[in-house]
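Structure file upload.cif (mmCIF, C-alpha atoms) follows.
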data_start
loop_
_atom_site.group_PDB
_atom_site.id
_atom_site.type_symbol
_atom_site.label_atom_id
_atom_site.label_comp_id
_atom_site.auth_asym_id
_atom_site.auth_seq_id
_atom_site.Cartn_x
_atom_site.Cartn_y
_atom_site.Cartn_z
ATOM 1 C CA MET G 1 26.671 -15.430 47.426
ATOM 2 C CA THR G 2 30.291 -15.750 48.519
ATOM 3 C CA VAL G 3 31.121 -13.370 51.368
ATOM 4 C CA VAL G 4 34.752 -12.238 51.455
ATOM 5 C CA ALA G 5 36.244 -12.672 54.925
ATOM 6 C CA GLY G 6 36.361 -9.473 56.944
ATOM 7 C CA ARG G 7 33.880 -7.635 54.729
ATOM 8 C CA ALA G 8 30.239 -6.796 55.248
ATOM 9 C CA PRO G 9 27.920 -8.539 52.777
ATOM 10 C CA VAL G 10 27.203 -6.370 49.742
ATOM 11 C CA GLU G 11 23.836 -6.242 47.989
ATOM 12 C CA VAL G 12 23.248 -4.861 44.502
ATOM 13 C CA VAL G 13 19.616 -3.983 43.829
ATOM 14 C CA GLU G 14 18.647 -3.528 40.171
ATOM 15 C CA TYR G 15 15.382 -1.683 39.548
ATOM 16 C CA THR G 16 14.303 -2.653 36.067
ATOM 17 C CA ASP G 17 11.484 -3.665 33.760
ATOM 18 C CA PRO G 18 11.616 -6.283 30.973
ATOM 19 C CA LEU G 19 10.062 -3.806 28.521
ATOM 20 C CA CYS G 20 12.084 -0.671 29.386
ATOM 21 C CA PRO G 21 14.226 0.717 26.517
ATOM 22 C CA TRP G 22 16.811 2.302 28.812
ATOM 23 C CA ALA G 23 17.176 -0.960 30.726
ATOM 24 C CA TRP G 24 17.604 -2.790 27.401
ATOM 25 C CA GLY G 25 20.287 -0.298 26.377
ATOM 26 C CA SER G 26 22.079 -0.774 29.705
ATOM 27 C CA GLU G 27 22.454 -4.539 29.282
ATOM 28 C CA PRO G 28 26.060 -4.403 27.979
ATOM 29 C CA VAL G 29 27.446 -2.643 31.064
ATOM 30 C CA LEU G 30 25.203 -4.528 33.492
ATOM 31 C CA ARG G 31 26.178 -7.881 32.015
ATOM 32 C CA ARG G 32 29.827 -6.932 32.472
ATOM 33 C CA LEU G 33 29.183 -5.730 36.024
ATOM 34 C CA ARG G 34 27.400 -8.962 36.935
ATOM 35 C CA ALA G 35 30.404 -10.895 35.640
ATOM 36 C CA ALA G 36 32.765 -8.659 37.642
ATOM 37 C CA LEU G 37 30.823 -9.227 40.862
ATOM 38 C CA ASP G 38 29.880 -12.863 40.340
ATOM 39 C CA GLY G 39 30.088 -14.717 43.659
ATOM 40 C CA ARG G 40 30.966 -11.541 45.559
ATOM 41 C CA VAL G 41 27.570 -9.899 46.075
ATOM 42 C CA ARG G 42 23.911 -10.655 46.368
ATOM 43 C CA TRP G 43 22.305 -9.319 43.170
ATOM 44 C CA ARG G 44 18.563 -8.750 43.469
ATOM 45 C CA ARG G 45 16.249 -7.597 40.700
ATOM 46 C CA VAL G 46 13.205 -5.509 41.483
ATOM 47 C CA TYR G 47 10.577 -5.218 38.748
ATOM 48 C CA GLY G 48 9.338 -1.647 38.761
ATOM 49 C CA ILE G 49 6.360 -2.010 36.361
ATOM 50 C CA LEU G 50 6.925 0.671 33.739
ATOM 51 C CA PHE G 51 3.533 0.017 32.111
ATOM 52 C CA ASP G 52 1.020 -0.285 34.937
ATOM 53 C CA HIS G 53 -2.563 -1.561 35.037
ATOM 54 C CA ASP G 54 -3.953 1.808 36.042
ATOM 55 C CA ASP G 55 -2.298 3.779 33.229
ATOM 56 C CA ASP G 56 -4.854 5.660 31.145
ATOM 57 C CA PRO G 57 -5.499 4.018 27.745
ATOM 58 C CA ALA G 58 -4.251 5.951 24.735
ATOM 59 C CA PRO G 59 -7.021 7.859 22.927
ATOM 60 C CA ASP G 60 -5.281 7.133 19.598
ATOM 61 C CA PRO G 61 -3.285 3.852 19.847
ATOM 62 C CA PRO G 62 -1.681 4.060 16.354
ATOM 63 C CA ALA G 63 -0.461 7.597 17.046
ATOM 64 C CA GLU G 64 0.860 6.552 20.440
ATOM 65 C CA THR G 65 2.681 3.610 18.862
ATOM 66 C CA LEU G 66 4.295 5.881 16.284
ATOM 67 C CA TRP G 67 5.374 8.324 18.990
ATOM 68 C CA TYR G 68 6.768 5.565 21.182
ATOM 69 C CA ALA G 69 8.663 3.962 18.305
ATOM 70 C CA ARG G 70 10.360 7.326 17.707
ATOM 71 C CA HIS G 71 11.079 7.570 21.434
ATOM 72 C CA VAL G 72 12.775 4.154 21.361
ATOM 73 C CA GLU G 73 14.718 5.232 18.271
ATOM 74 C CA ASP G 74 15.933 8.355 20.086
ATOM 75 C CA ILE G 75 17.080 6.245 23.036
ATOM 76 C CA ALA G 76 18.830 3.784 20.719
ATOM 77 C CA ARG G 77 20.876 6.631 19.225
ATOM 78 C CA HIS G 78 22.541 6.904 22.630
ATOM 79 C CA THR G 79 22.652 3.237 23.637
ATOM 80 C CA ARG G 80 23.207 1.725 20.151
ATOM 81 C CA ALA G 81 20.897 -1.094 21.201
ATOM 82 C CA PRO G 82 18.907 -3.071 18.625
ATOM 83 C CA ARG G 83 15.353 -1.954 17.966
ATOM 84 C CA ALA G 84 12.600 -3.553 15.968
ATOM 85 C CA PHE G 85 11.945 -2.536 12.376
ATOM 86 C CA ARG G 86 8.291 -2.183 13.317
ATOM 87 C CA LEU G 87 6.694 -1.849 16.736
ATOM 88 C CA SER G 88 3.232 -3.410 16.728
ATOM 89 C CA ARG G 89 1.964 -1.422 19.728
ATOM 90 C CA VAL G 90 2.951 0.178 22.979
ATOM 91 C CA ALA G 91 2.924 -2.447 25.730
ATOM 92 C CA VAL G 92 -0.403 -2.674 27.513
ATOM 93 C CA SER G 93 1.161 -3.835 30.777
ATOM 94 C CA SER G 94 4.517 -4.821 32.276
ATOM 95 C CA TRP G 95 2.852 -7.176 34.745
ATOM 96 C CA PRO G 96 2.822 -10.389 32.622
ATOM 97 C CA ALA G 97 6.501 -10.148 31.675
ATOM 98 C CA SER G 98 7.481 -9.205 35.227
ATOM 99 C CA LEU G 99 5.528 -12.132 36.679
ATOM 100 C CA VAL G 100 7.208 -14.546 34.264
ATOM 101 C CA ALA G 101 10.649 -13.068 34.976
ATOM 102 C CA LYS G 102 10.082 -13.293 38.736
ATOM 103 C CA ALA G 103 8.729 -16.848 38.473
ATOM 104 C CA ALA G 104 11.823 -17.927 36.517
ATOM 105 C CA GLU G 105 14.007 -17.194 39.543
ATOM 106 C CA ALA G 106 12.841 -20.477 41.089
ATOM 107 C CA GLN G 107 14.565 -22.366 38.252
ATOM 108 C CA GLY G 108 18.078 -21.069 38.794
ATOM 109 C CA PRO G 109 20.247 -18.151 37.689
ATOM 110 C CA GLU G 110 20.977 -19.301 34.136
ATOM 111 C CA VAL G 111 17.309 -19.838 33.348
ATOM 112 C CA THR G 112 16.471 -16.507 35.007
ATOM 113 C CA GLU G 113 18.938 -14.586 32.837
ATOM 114 C CA ARG G 114 17.806 -16.229 29.620
ATOM 115 C CA VAL G 115 14.117 -15.771 30.364
ATOM 116 C CA LEU G 116 14.549 -12.066 31.111
ATOM 117 C CA ARG G 117 16.633 -11.629 27.987
ATOM 118 C CA ARG G 118 13.957 -13.228 25.800
ATOM 119 C CA LEU G 119 11.313 -10.955 27.343
ATOM 120 C CA ARG G 120 13.409 -7.880 26.539
ATOM 121 C CA GLU G 121 13.968 -9.107 22.984
ATOM 122 C CA SER G 122 10.238 -9.580 22.456
ATOM 123 C CA VAL G 123 9.767 -5.845 22.107
ATOM 124 C CA PHE G 124 13.187 -4.549 21.047
ATOM 125 C CA VAL G 125 13.975 -7.227 18.446
ATOM 126 C CA LEU G 126 10.588 -8.633 17.427
ATOM 127 C CA GLY G 127 8.482 -5.510 17.999
ATOM 128 C CA GLU G 128 5.834 -7.636 19.761
ATOM 129 C CA PRO G 129 5.922 -6.773 23.477
ATOM 130 C CA ALA G 130 5.325 -9.686 25.825
ATOM 131 C CA ASP G 131 2.442 -7.885 27.507
ATOM 132 C CA SER G 132 0.043 -10.789 28.106
ATOM 133 C CA PRO G 133 0.584 -14.111 29.903
ATOM 134 C CA LYS G 134 0.297 -15.999 26.617
ATOM 135 C CA LEU G 135 2.836 -13.782 24.827
ATOM 136 C CA ALA G 136 5.258 -13.780 27.744
ATOM 137 C CA LEU G 137 5.270 -17.573 27.914
ATOM 138 C CA ALA G 138 5.582 -17.884 24.134
ATOM 139 C CA ALA G 139 8.607 -15.566 24.132
ATOM 140 C CA VAL G 140 10.571 -17.805 26.509
ATOM 141 C CA ARG G 141 9.570 -21.212 25.168
ATOM 142 C CA GLY G 142 12.636 -23.271 24.321
ATOM 143 C CA VAL G 143 15.011 -21.648 26.816
ATOM 144 C CA PRO G 144 17.463 -24.431 27.796
ATOM 145 C CA GLY G 145 16.638 -25.992 31.140
ATOM 146 C CA LEU G 146 13.308 -24.190 31.454
ATOM 147 C CA ASP G 147 10.264 -26.096 32.704
ATOM 148 C CA VAL G 148 7.565 -24.114 30.894
ATOM 149 C CA GLU G 149 4.648 -25.780 32.667
ATOM 150 C CA ARG G 150 6.128 -24.988 36.056
ATOM 151 C CA LEU G 151 6.897 -21.439 34.931
ATOM 152 C CA ALA G 152 3.287 -20.892 33.816
ATOM 153 C CA ALA G 153 1.939 -22.219 37.107
ATOM 154 C CA ASP G 154 4.361 -20.164 39.194
ATOM 155 C CA ALA G 155 3.733 -16.974 37.207
ATOM 156 C CA ALA G 156 -0.010 -17.350 37.851
ATOM 157 C CA SER G 157 0.440 -18.050 41.561
ATOM 158 C CA ALA G 158 -0.486 -15.737 44.411
ATOM 159 C CA ALA G 159 3.027 -16.063 45.841
ATOM 160 C CA VAL G 160 4.754 -14.693 42.739
ATOM 161 C CA ARG G 161 2.139 -11.976 42.284
ATOM 162 C CA ASP G 162 2.754 -10.893 45.879
ATOM 163 C CA ARG G 163 6.492 -10.712 45.192
ATOM 164 C CA VAL G 164 5.971 -8.506 42.148
ATOM 165 C CA ARG G 165 3.539 -6.340 44.116
ATOM 166 C CA ALA G 166 6.287 -5.926 46.689
ATOM 167 C CA ASP G 167 8.686 -4.954 43.879
ATOM 168 C CA HIS G 168 6.146 -2.420 42.603
ATOM 169 C CA ALA G 169 5.869 -0.874 46.079
ATOM 170 C CA GLU G 170 9.632 -0.881 46.698
ATOM 171 C CA THR G 171 10.245 0.901 43.401
ATOM 172 C CA ARG G 172 7.963 3.685 44.643
ATOM 173 C CA ARG G 173 10.059 4.269 47.772
ATOM 174 C CA PRO G 174 13.208 5.770 46.256
ATOM 175 C CA VAL G 175 16.155 6.673 48.451
ATOM 176 C CA PRO G 176 16.877 10.413 48.824
ATOM 177 C CA GLN G 177 20.034 10.126 46.697
ATOM 178 C CA VAL G 178 17.958 9.708 43.506
ATOM 179 C CA LEU G 179 15.412 12.472 44.030
ATOM 180 C CA SER G 180 17.704 14.555 41.829
ATOM 181 C CA ALA G 181 20.467 13.426 39.515
ATOM 182 C CA GLY G 182 23.198 15.224 37.641
ATOM 183 C CA GLY G 183 25.805 14.473 35.049
ATOM 184 C CA ASP G 184 25.720 14.691 31.277
ATOM 185 C CA SER G 185 23.827 11.436 30.646
ATOM 186 C CA PRO G 186 20.836 11.734 28.305
ATOM 187 C CA HIS G 187 18.980 9.730 30.974
ATOM 188 C CA PRO G 188 20.443 10.898 34.313
ATOM 189 C CA GLY G 189 17.866 8.906 36.266
ATOM 190 C CA ALA G 190 16.260 11.274 38.740
ATOM 191 C CA ALA G 191 13.230 9.679 40.398
ATOM 192 C CA LYS G 192 10.053 9.956 38.336
ATOM 193 C CA GLU G 193 6.735 11.378 39.467
ATOM 194 C CA THR G 194 3.880 8.882 39.689
ATOM 195 C CA PRO G 195 0.184 9.601 38.944
ATOM 196 C CA ASP G 196 -0.625 9.622 42.663
ATOM 197 C CA GLY G 197 1.904 12.364 43.341
ATOM 198 C CA GLY G 198 4.608 10.066 44.647
ATOM 199 C CA ARG G 199 7.987 9.098 43.210
ATOM 200 C CA ARG G 200 9.551 5.962 41.781
ATOM 201 C CA TYR G 201 13.017 4.980 40.691
ATOM 202 C CA ALA G 202 13.897 5.753 37.107
ATOM 203 C CA LEU G 203 14.712 2.573 35.220
ATOM 204 C CA PRO G 204 17.273 1.251 35.400
ATOM 205 C CA THR G 205 18.685 2.265 38.776
ATOM 206 C CA LEU G 206 21.249 0.318 40.779
ATOM 207 C CA LEU G 207 21.813 0.539 44.517
ATOM 208 C CA VAL G 208 25.056 -0.841 45.905
ATOM 209 C CA ARG G 209 24.858 -1.191 49.665
ATOM 210 C CA THR G 210 25.960 -2.762 52.899
ATOM 211 C CA VAL G 211 24.369 -2.359 56.315
ATOM 212 C CA ASP G 212 26.123 1.010 56.768
ATOM 213 C CA SER G 213 26.904 2.295 53.274
ATOM 214 C CA LEU G 214 24.925 2.990 50.107
ATOM 215 C CA ARG G 215 25.640 4.329 46.643
ATOM 216 C CA ALA G 216 23.003 4.858 43.945
ATOM 217 C CA VAL G 217 23.691 4.775 40.196
ATOM 218 C CA PRO G 218 20.516 5.939 38.442
ATOM 219 C CA GLY G 219 19.666 6.031 34.755
ATOM 220 C CA TRP G 220 21.942 5.247 31.830
ATOM 221 C CA ARG G 221 25.566 5.386 32.943
ATOM 222 C CA PRO G 222 28.994 4.269 31.746
ATOM 223 C CA TYR G 223 30.504 1.144 33.226
ATOM 224 C CA GLU G 224 33.073 3.089 35.229
ATOM 225 C CA GLU G 225 30.373 4.785 37.319
ATOM 226 C CA TYR G 226 29.117 1.403 38.492
ATOM 227 C CA LEU G 227 32.632 0.317 39.410
ATOM 228 C CA HIS G 228 33.187 3.557 41.345
ATOM 229 C CA ALA G 229 30.001 2.918 43.320
ATOM 230 C CA VAL G 230 31.118 -0.616 44.172
ATOM 231 C CA GLU G 231 34.566 0.572 45.220
ATOM 232 C CA ALA G 232 33.077 3.337 47.381
ATOM 233 C CA VAL G 233 30.979 0.792 49.285
ATOM 234 C CA CYS G 234 33.570 -1.979 49.448
ATOM 235 C CA PRO G 235 37.089 -1.135 48.198
ATOM 236 C CA GLY G 236 38.762 -3.930 46.293
ATOM 237 C CA LEU G 237 35.569 -5.944 45.851
ATOM 238 C CA SER G 238 35.209 -5.921 42.070
ATOM 239 C CA ALA G 239 37.393 -8.021 39.808
ATOM 240 C CA ASP G 240 36.835 -6.681 36.307
ATOM 241 C CA PRO G 241 36.770 -9.728 34.025
ATOM 242 C CA ALA G 242 38.788 -10.023 30.853
ATOM 243 C CA PRO G 243 36.670 -10.231 27.689
ATOM 244 C CA LEU G 244 35.875 -13.786 26.673
ATOM 245 C CA PRO G 245 36.852 -15.317 23.319
ATOM 246 C CA ALA G 246 34.053 -14.654 20.859
ATOM 247 C CA GLY G 247 32.744 -18.216 20.734
ATOM 248 C CA ALA G 248 32.866 -18.654 24.511
ATOM 249 C CA ALA G 249 31.029 -15.377 25.061
ATOM 250 C CA LEU G 250 28.244 -16.308 22.676
ATOM 251 C CA ALA G 251 27.957 -19.750 24.312
ATOM 252 C CA ARG G 252 27.668 -18.111 27.733
ATOM 253 C CA TYR G 253 25.243 -15.320 26.901
ATOM 254 C CA ARG G 254 23.339 -16.994 24.032
ATOM 255 C CA SER G 255 22.581 -13.636 22.395
ATOM 256 C CA LEU G 256 24.796 -10.572 21.991
ATOM 257 C CA THR G 257 24.219 -7.099 20.592
ATOM 258 C CA GLY G 258 26.889 -5.020 18.880
ATOM 259 C CA PRO G 259 27.729 -3.019 22.037
ATOM 260 C CA GLU G 260 27.865 -6.255 24.056
ATOM 261 C CA ARG G 261 30.212 -7.823 21.546
ATOM 262 C CA GLU G 262 32.568 -4.856 21.946
ATOM 263 C CA LEU G 263 32.427 -4.877 25.752
ATOM 264 C CA LEU G 264 32.322 -8.596 26.522
ATOM 265 C CA THR G 265 34.273 -10.397 23.786
ATOM 266 C CA ARG G 266 37.649 -10.535 22.093
ATOM 267 C CA GLY G 267 38.944 -12.081 18.889
ATOM 268 C CA ALA G 268 37.490 -12.483 15.431
ATOM 269 C CA TRP G 269 33.781 -11.862 15.063
ATOM 270 C CA PRO G 270 31.377 -13.486 14.401
ATOM 271 C CA PRO G 271 32.242 -16.940 15.737
ATOM 272 C CA PRO G 272 31.491 -19.925 13.500
ATOM 273 C CA ARG G 273 27.797 -20.741 13.011
ATOM 274 C CA ALA G 274 26.612 -17.622 14.844
ATOM 275 C CA VAL G 275 23.193 -16.568 13.551
ATOM 276 C CA ARG G 276 22.776 -12.923 12.664
ATOM 277 C CA ILE G 277 19.412 -11.219 13.286
ATOM 278 C CA ASP G 278 19.175 -7.809 11.632
ATOM 279 C CA THR G 279 17.247 -5.020 13.350
ATOM 280 C CA ALA G 280 16.733 -1.327 12.701
ATOM 281 C CA GLY G 281 19.397 -0.639 15.338
ATOM 282 C CA GLY G 282 22.071 -3.077 14.233
ATOM 283 C CA PRO G 283 22.463 -6.851 14.447
ATOM 284 C CA LEU G 284 21.744 -9.277 17.249
ATOM 285 C CA TRP G 285 23.854 -12.426 17.236
ATOM 286 C CA LEU G 286 22.453 -15.755 18.440
ATOM 287 C CA HIS G 287 24.289 -18.895 19.415
ATOM 288 C CA PRO G 288 23.269 -21.589 16.894
ATOM 289 C CA GLU G 289 21.515 -23.628 19.591
ATOM 290 C CA GLU G 290 19.635 -20.545 20.777
ATOM 291 C CA ALA G 291 18.538 -19.860 17.213
ATOM 292 C CA THR G 292 16.724 -23.195 17.016
ATOM 293 C CA THR G 293 14.069 -22.010 19.495
ATOM 294 C CA HIS G 294 14.369 -18.228 19.480
ATOM 295 C CA PRO G 295 11.256 -16.415 18.177
ATOM 296 C CA ALA G 296 13.481 -14.097 16.123
ATOM 297 C CA ALA G 297 15.089 -16.920 14.146
ATOM 298 C CA HIS G 298 12.678 -16.398 11.243
ATOM 299 C CA LEU G 299 14.182 -12.896 10.875
ATOM 300 C CA ALA G 300 17.642 -14.296 10.168
ATOM 301 C CA PRO G 301 18.891 -14.162 6.558
ATOM 302 C CA PRO G 302 19.019 -17.544 4.816
ATOM 303 C CA SER G 303 22.383 -19.285 5.012
ATOM 304 C CA GLY G 304 24.343 -20.403 2.003
ATOM 305 C CA PRO G 305 24.603 -18.905 -1.499
#
Turn this file's structure into structure tokens for me.
Amino acid sequence: MTVVAGRAPVEVVEYTDPLCPWAWGSEPVLRRLRAALDGRVRWRRVYGILFDHDDDPAPDPPAETLWYARHVEDIARHTRAPRAFRLSRVAVSSWPASLVAKAAEAQGPEVTERVLRRLRESVFVLGEPADSPKLALAAVRGVPGLDVERLAADAASAAVRDRVRADHAETRRPVPQVLSAGGDSPHPGAAKETPDGGRRYALPTLLVRTVDSLRAVPGWRPYEEYLHAVEAVCPGLSADPAPLPAGAALARYRSLTGPERELLTRGAWPPPRAVRIDTAGGPLWLHPEEATTHPAAHLAPPSGP
């Protein structure tokens, strides 16, 4: 992190889950915010475990899957995020995907971003949630620069499990500012009750803080609310980036949804050789190199006449 002279270090804490539909729908604004704050803050992800080990099993799994698919569809009406044509099941657990995402952090920021993105796409593009160690590792295989053997070993290690346990506990200690939440968002983000009578952050929630200042942005929010929080904590810190040319944006991010294309790119779309993946919630676009290893590539329409 680059610390600007004369300013207190700023930390952004993102409470999230690889399998959360609201977090998936928030990716366009959060990708833009990360670009705006790149090199200016410490950005830390905390995996909140949306689907926990001690959740009661569904008495009727097919009915639960149908209900949850409709729930994701309702969310996608607001976020315009892609969603799978068919959801195979509700995720059994967020732990495997969270362990893999946390383990990827040891291999650098680019690998971390691409691994987390693949885990999100497992459920919202493929309809096959990465809810076991085998599925989570399969979802990320082929990510450029990723050492899969190291990732598997790290994800199974006591050290990474302890870090995700710490994330789980931190998520269940919400700051007072999120115990209630207002605004006209369909997901305002007030802290959620937990089975033990406690509270946890709604996902996603961002905290922007220094040693003596804190702003919380819970739930699904427009980009401007995140910028306002940053400016309240550290005026003049953000540097909102100009949209990238279409080809450069796809090369940087590797996969882009329709809302991301609108927020992060400029110029004619799609760029040459981009691979279109159709979903029930609109297309996902893959960089041609990403498409060679992406599990969704078999969903792409054949090229040529």
Inset, instruction - In Å, rounded to a single decimal, give me how far atom CA of Pro270 of chain G is from atom CA of Val115 of chain G. - result: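 Distance reported for this atom pair: 23.6 Å.
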Inset, instruction - Name the residues captured by the PyMOL selection byres ((chain G and resi 170-187) around 9) when it is applied to the shown file; answer as a ChimeraX atom specification. - result: /G:15,22,46-49,75,78,165-169,188-192,194,198-202,205,215-222
Per-residue nearest contacts segment 171-271 of chain G to segment 278-284 of chain G, cut-off 8 Å, using only C-alpha atoms, as a tab-separated table:
residue	atom	partner	partner_atom	distance
G:Ser255	CA	G:Leu284	CA	6.8
G:Leu256	CA	G:Leu284	CA	5.8
G:Thr257	CA	G:Leu284	CA	4.7
G:Gly258	CA	G:Pro283	CA	6.5
Inset, instruction - Using the chain letters and numbers from the file, give me the residues hit by the PyMOL selection byres ((chain G and resi 14) around 8), as a list in words. - result: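 Applied to this file, the PyMOL selection byres ((chain G and resi 14) around 8) returns Val12, Val13, Tyr15, Thr16, Trp43, Arg44, Arg45, Val46, Pro204, Thr205, Leu206 and Leu207 of chain G.
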Legend entry - Pairwise distance for atom CA of Pro96 of chain G and atom CA of Glu290 of chain G, rounded to one decimal in Å: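 So the answer is 22.9 Å.
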Inset, instruction - Quick one: apply the PyMOL selection byres ((chain G and resi 37) around 8) to the file and drop the selected residues here as a PyMOL selection string. - result: chain G and resi 33-36+38-41+237-240
Inset, instruction - Measure the distance from atom CA of Pro57 of chain G to atom CA of Ala84 of chain G in Å and round it to one decimal. - result: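 Spanning atom CA of Pro57 of chain G to atom CA of Ala84 of chain G is a straight-line distance of 22.9 Å.
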Inset, instruction - Write out as number ranges by chain which residues come within 12 Å of Asp147 of chain G when counting only C-alpha atoms, dropping same-chain ones fewer than 4 positions away. - result: G: 103-108, 111-112, 115, 137, 140-143, 151-154
Legend entry - Close residues, segment 67-72 of chain G itself excluded, 12 Å, only C-alpha atoms, min 5 positions apart in chain, as a PyMOL selection string: chain G and resi 19-25+58+60-62+77-91+123-125+127+280-281
Inset, instruction - Within 10 Å of (24.5, 0.3, 51.4) (coordinates as in the file), grab all the protein and nucleic acid residues, counting all atoms listed in the file, and write them out as a ChimeraX atom specification. - result: /G:8-13,207-216,230,232-234
Using the file's own x, y and z axes, so that the box edges lie along x, y and z, what centre and edge lengths in Å (one decimal) does a box around every listed atom of segment 82-90 of chain G get when 6 Å is added on each side? Give it as AutoDock Vina command-line options.
--center_x 10.4 --center_y -1.7 --center_z 17.7 --size_x 28.9 --size_y 15.7 --size_z 22.6
